[in-house]
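Note sheet for the following structure.
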Amino acid sequence: MTRTEPTSPANAARLIAAYPETRRDPLVETHFGEPVADPYRWLEADVRNDPAVADWVAQQNRVTGAYLDRLAARDWFRKCIRELTDYERFGLPVKAGNRYFYLRNSGLLNQPQLFVRDGLKGTPRLLLDPNTWASDGATALDAWKPSQDGRYLLYSVQDGGSDWRVLKVLDVRTGQPLTDTVRWAKFTQLAWVGHEGFLYSRFPAPEPGQTFQQASYNQALWFHRIGTPQEADELVYATPDRPELGHAAQVTANGRWAVITSSSGTDARHAIRVLDLRRSGGDRWTPRELVGGLDHDWQLVEALGNRMWFLTNRDAPLYRLVSLDLDRSGANWRDVVPEGPNKLEHASIVGRKLVLNYLQDATSRAVVVDLAGKPARELTIGDIGTASGFIGRPGDSETFYSFSSFNRPSTVYRLDMASGEVTPFAQPELTFDPARYVVEQRFFASKDGTRVPMFLVRSKAVAAAGRAVPTLLYGYGGFDISLTPGFAASRMAWLEAGGAFALANIRGGGEYGKAWHDAGRLANKQNSFDDFIAAGEYLIAEGITGKGQLAIQGGSNGGLLVGAVVNQRPDLFAAANPAVGVMDMLRFDRFTAGRYWVDDYGRPDREPDFRVLRGYSPYHNIRAGQDYPAILVTTADTDDRVVPGHSFKYAAALQAAQIGSRPHLIRIETRAGHGSGKPTDKAIEESADILAFMAEWTGLKLP
C-alpha cells in the first residue's frame, strides 16, 4: 500500500502560486438598518457576455488546474471511476402500443441512447443517439414520451446543461424526425393529445443577453399541433394576472382528460384543473376546477372512465390515496388508501391493480392493492435500497421497476401483475463485487435531541477492522426532497480506495413527510445545519472516522449546506466540496429559478426572513481568523438553475479572507449546467478532481 499524505497547511501555499487578484468594489447597501457589503457583485454578470468575468474564470481555472495536476491520487481516481462506469445499463422500459422504449448506455458513452423494440422480445432498434448531436457530448436527450400507440415520439433536447429545452418529434416507424420544433420550453411535462399534437409549458423568450439569468415568470400551457410551426400553437391556460404561477399538464391513459397542475414555487401546494379532451373548438380548452387555492399537494395517479385517483397530503402529512367521480358535482373525494405510518411516495394503476411505493426510513417498500385499496400484498424488492418506476396503464399485464443501492447499480425488473412473478429485464455485469461492502442504517441524535437517520457504507474489511478511515459525508436537507440509497461510480471509487461513505437524511428533506420538511426550512433552517454537524460528530465519536479525516459534500441546496456548516464549524472538517451551491442568500431570488425557492428559504425583502438568511448565508458569514478546511468549490458556466455567480462570489470571498493556508479553490466547468445532461467524460474528470482533493486532505490510502 502507498499512502497519500495530507498536505500540511504550511506546504499548501507552495502548491498554489497565488490566487488570482479579484477586484473588490466598495459596494455597501443598507437592509433593514444593517449595512451589507457586496464587493464581488460584478461577478454575477453572465460569463458568456462579460469579458471581465470570463477573464476571472480563466484565471481561476488555471490556478485550480495547476494545483489539481500535482495531486498523486488524481490519475488513480480517474482510472477507477472510468472502470466502474464502464458497464451496460438500462433505463426503465415504457410500453406504447406493442412497442417498448428504453434508454441504454453501453458503458462509456457520453449520453445514453434511446432504443425501441417491437414486442418485449423484439430486436432492439436505435431511435436516437445524442452522442452525434455535439462534438463535445454536451447536448443531451432529456425527457421523452411516445404517443399512446407508439406511432410518434416526443422528446426534449438539452444543450450545455441549461434548463431550456427544445422539443422535437420523431416518426417511430421510419426513425425520421418531423419538422416540428418548439423552443423556450422549461420545467415542462410532455403530454400527447391523441395523434393531433401535444401539451407543453413554456416561458416568454428572454430579453437579449439574459437567456441564462432572467427570472422565470409567466409560464403558460400551450398546444402544438403536429405539422404546424410554433407560431400557430394554441394558448391553453395562462394566468397573466399572477405571473408567479407555473402550469404543467398530464393526459390520462384513456386519452380523455388533461389535468393542469398549477403552483407558485417549490412547495408541494397545487391547484388542479381538468380539461375534457372530447370537446371541440374553444370548449376544449375550458378548464373545470377540481382543487382551488394552493394549500396542499395533489398528484395525479390515473383515470378510469370518469373516476380519477390522486395522492394528496391534505389532512395526511404522510399522504393518502383518494379518488373523485367527475360525473358528480362538487368535491366528492373518497379515501381509497388512508394515511399510514410511512410516507406514500408514488402510486400507479397497472392492469386492475394499484401499485403503492412507500418510504420507510428512507428505504423503499412497495405493495399491490386492488382499486378499492385492499387487500395488500408486499413486493419483495430487496433490503436497504431504492425501488422506482412501477409505470403502467390500466389494462397492462406488466410493469417495470428498478432497484439500486449504494453497492448495487440499478437492475430493471419486470413484474407480472397476474401471477406476481418478478423476472430481471436488464441486470448489469459489474467490475466489482458488491458483496465486499456492507450497507448499514444508523440513527444519531441532533443538537436538540431529534433522531436522524444516516446510511453508512464501508468495505467489510474496513468495518471488521474497526479502524477510523477517511470518510465522505453527503447531505442535502431541503425542498421536501428525500435522499435514498443509490449507486454512483465516484462513491464506489472512494470505497474501493479504502474510505467510508455516509449519507445523512437531515431535516428539510422529505424522508418523513411534511413535518420533516417544515422542521428544516424557513426559520427552522438551522436545524438542517445542526443535523449535518451532528452527523459529523457522530462519525468521529463512533470511531468510523478520525479528526482530520472527515470530508463533506453537497450540491445545490446541499452546496449551501456545506458552505453554512463550514462557516459554523470549520474545526470539524478536513475538506469540503460545495457544488453548484446557493451561496448568497440575500440575492438568490433575482435570477432564473431562484424566485421559486422563497418557499424554502423565505423572502430577502421581508425583515424577519432577512434576519434568518443573513445569519447563515455562506457568502456573508466567512469567519476571518478561523482555520478553515481545504475547500474546492465546483460550478459550471451554463448553470441557469443556480447561477454560477453564487459560487464565483463565495470563492472570491474565501480567497480574500484570513482563514488559514489550506487551499480554497474553484473549479468551473465549461458547457455544463446544474448537473443533468453532463457528458460521461466531463463527469469522470470532475469526480476524479474532487476525490483526489478530498484524499489529499483526509489522508486516504490508495491501493
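Convention: chains lettered A, B, ... in C-alpha cells order; per-chain residue numbering from 1; ligands numbered from 1 as shown.
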- Message: I want to know what sits within 12 Å of Thr261 in chain A, based on only C-alpha atoms, with residues of the same chain fewer than 5 positions away left out; could you give that as a PyMOL selection string?
- Response: chain A and resi 188-189+201+220-221+237-238+245-251+268-275+287+289-294+296-300+310
- Item | DSSP-assigned strand (DSSP E or B) members of range 347-579 of chain A, reported as a VMD selection string | chain A and resid 347 to 351 353 to 360 363 to 370 377 to 379 386 to 391 394 398 to 405 408 to 416 422 to 426 437 to 445 451 to 459 471 to 474 500 to 504 550 to 555 575 to 579
- 8 Å contact set for Phe591 in chain A, only C-alpha atoms, chain neighbours under 2 positions out, as number ranges by chain: A: 213-216, 588-589, 593-595, 643
Those residues you just picked out, can you put them in a file as a tab-separated table (two decimals), in the first residue's frame with C-alpha atoms?
chain	number	residue	atom	x	y	z
A	213	GLN	CA	-30.10	34.78	-15.97
A	214	GLN	CA	-33.57	36.25	-16.42
A	215	ALA	CA	-36.03	35.37	-13.65
A	216	SER	CA	-38.66	32.82	-14.67
A	588	PHE	CA	-30.89	34.30	-4.73
A	589	ASP	CA	-34.43	35.28	-5.78
A	593	ALA	CA	-35.47	29.81	-10.96
A	594	GLY	CA	-34.32	31.42	-7.71
A	595	ARG	CA	-37.59	33.19	-7.12
A	643	VAL	CA	-26.36	30.80	-11.49
- Message: Excluding Leu472 in chain A and its own-chain neighbours fewer than 3 positions away, which residues fall within 8 Å of it when counting only C-alpha atoms? Please give them as JSON, numbers by chain.
- Response: {"A": [499, 500, 501, 502, 550, 551, 552, 553]}
Return as a Markdown table the residues of range 229-297 of chain A lying at most 12 Å from range 166-180 of chain A, together with the closest atom-to-atom pair for each and the distance in Å to one decimal, counting only C-alpha atoms, with rows in chain order and ascending residue number.
| residue | atom | partner | partner_atom | distance |
| --- | --- | --- | --- | --- |
| A:Pro229 | CA | A:Asp180 | CA | 6.7 |
| A:Gln230 | CA | A:Asp180 | CA | 7.7 |
| A:Glu231 | CA | A:Asp180 | CA | 11.2 |
| A:Ala232 | CA | A:Asp180 | CA | 11.4 |
| A:Asp233 | CA | A:Asp180 | CA | 11.1 |
- Separation of CA of Trp697 in chain A from CA of Ile631 in chain A in Å: 9.7 Å
- Message: Taking the DSSP secondary structure from the backbone, can you list the residues of range 423-463 of chain A that are helix (DSSP H, G or I), as a list in words?
- Response: Pro434, Ala435, Arg436, Lys460, Ala461, Val462 and Ala463 of chain A
- Taking into account only C-alpha atoms, which residue in the set A:Leu311, A:Gly554, A:Gly581, A:Leu700 is nearest to Glu496 in chain A? A:Leu700
- Query: Quick one: residues within 10 Å of Thr211 in chain A, only C-alpha atoms counted, chain neighbours fewer than 3 positions away excluded, as a PyMOL selection string?
  - Reply: chain A and resi 46+162+164+184+205-208+214-215+592+640
- Query: From the set A:Arg451, A:Arg278, A:Arg89, A:Arg314, which residue has the shortest atom-to-atom contact distance to Ser106 in chain A, counting only C-alpha atoms?
  - Reply: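 Result for the nearest residue to Ser106 in chain A: A:Arg89.
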- Using only C-alpha atoms, which of the listed residues (A:Asp531, A:Asp571, A:Glu302, A:Glu429) sits closest to Glu88 in chain A?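 The shortest atom-to-atom distance to Glu88 in chain A comes from A:Glu429.
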Using only C-alpha atoms, I'd like a table of the residues in range 372-407 of chain A that come within 12 Å of range 452-456 of chain A; for each, show the closest atom pair and its distance in Å rounded to one decimal, ordered by chain and ascending number, as a Markdown table.
| residue | atom | partner | partner_atom | distance |
| --- | --- | --- | --- | --- |
| A:Ile384 | CA | A:Phe455 | CA | 9.2 |
| A:Gly385 | CA | A:Phe455 | CA | 10.4 |
| A:Ser405 | CA | A:Phe455 | CA | 10.6 |
| A:Phe406 | CA | A:Phe455 | CA | 9.2 |
| A:Asn407 | CA | A:Leu456 | CA | 11.2 |
- Near Gly395 in chain A, counting only C-alpha atoms, which residues have an atom at most 7 Å away, once you skip same-chain residues fewer than 3 positions from it, shown as number ranges by chain? A: 350-352
Write the residues of the selection above to a file with N, CA and C atoms, as a PDB file, in the first residue's frame.
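The new file part_9.pdb reads:
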ATOM      1  N   VAL A 350     -51.911  -0.261 -12.715  1.00  0.00           N
ATOM      2  CA  VAL A 350     -51.398  -1.173 -13.739  1.00  0.00           C
ATOM      3  C   VAL A 350     -52.375  -2.337 -13.825  1.00  0.00           C
ATOM      4  N   GLY A 351     -52.920  -2.570 -15.011  1.00  0.00           N
ATOM      5  CA  GLY A 351     -53.960  -3.581 -15.128  1.00  0.00           C
ATOM      6  C   GLY A 351     -55.176  -3.122 -14.357  1.00  0.00           C
ATOM      7  N   ARG A 352     -55.593  -3.943 -13.397  1.00  0.00           N
ATOM      8  CA  ARG A 352     -56.692  -3.573 -12.497  1.00  0.00           C
ATOM      9  C   ARG A 352     -56.210  -3.497 -11.060  1.00  0.00           C
TER      10      ARG A 352
END
- Item | Who sits within 12 Å of Leu120 in chain A, only C-alpha atoms, same chain under 4 positions skipped, as a PyMOL selection string | chain A and resi 93-102+116+124+398-400+414+425
- Item | Selected residue, from A:Arg614, A:Arg125, A:Leu114, A:Gly194, that lies nearest to Ala140 in chain A when counting only C-alpha atoms | A:Leu114
- Residue with smallest distance to Lys701 in chain A - pool A:Tyr217, A:Phe610, A:Tyr401, A:Trp494, counting only C-alpha atoms: A:Trp494
- Among the residues A:Ser364, A:Thr450, A:Thr30, A:Gln219, the one that comes closest to Ile381 in chain A [using only C-alpha atoms]: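 Using only C-alpha atoms, Ile381 in chain A sits closest to A:Ser364.
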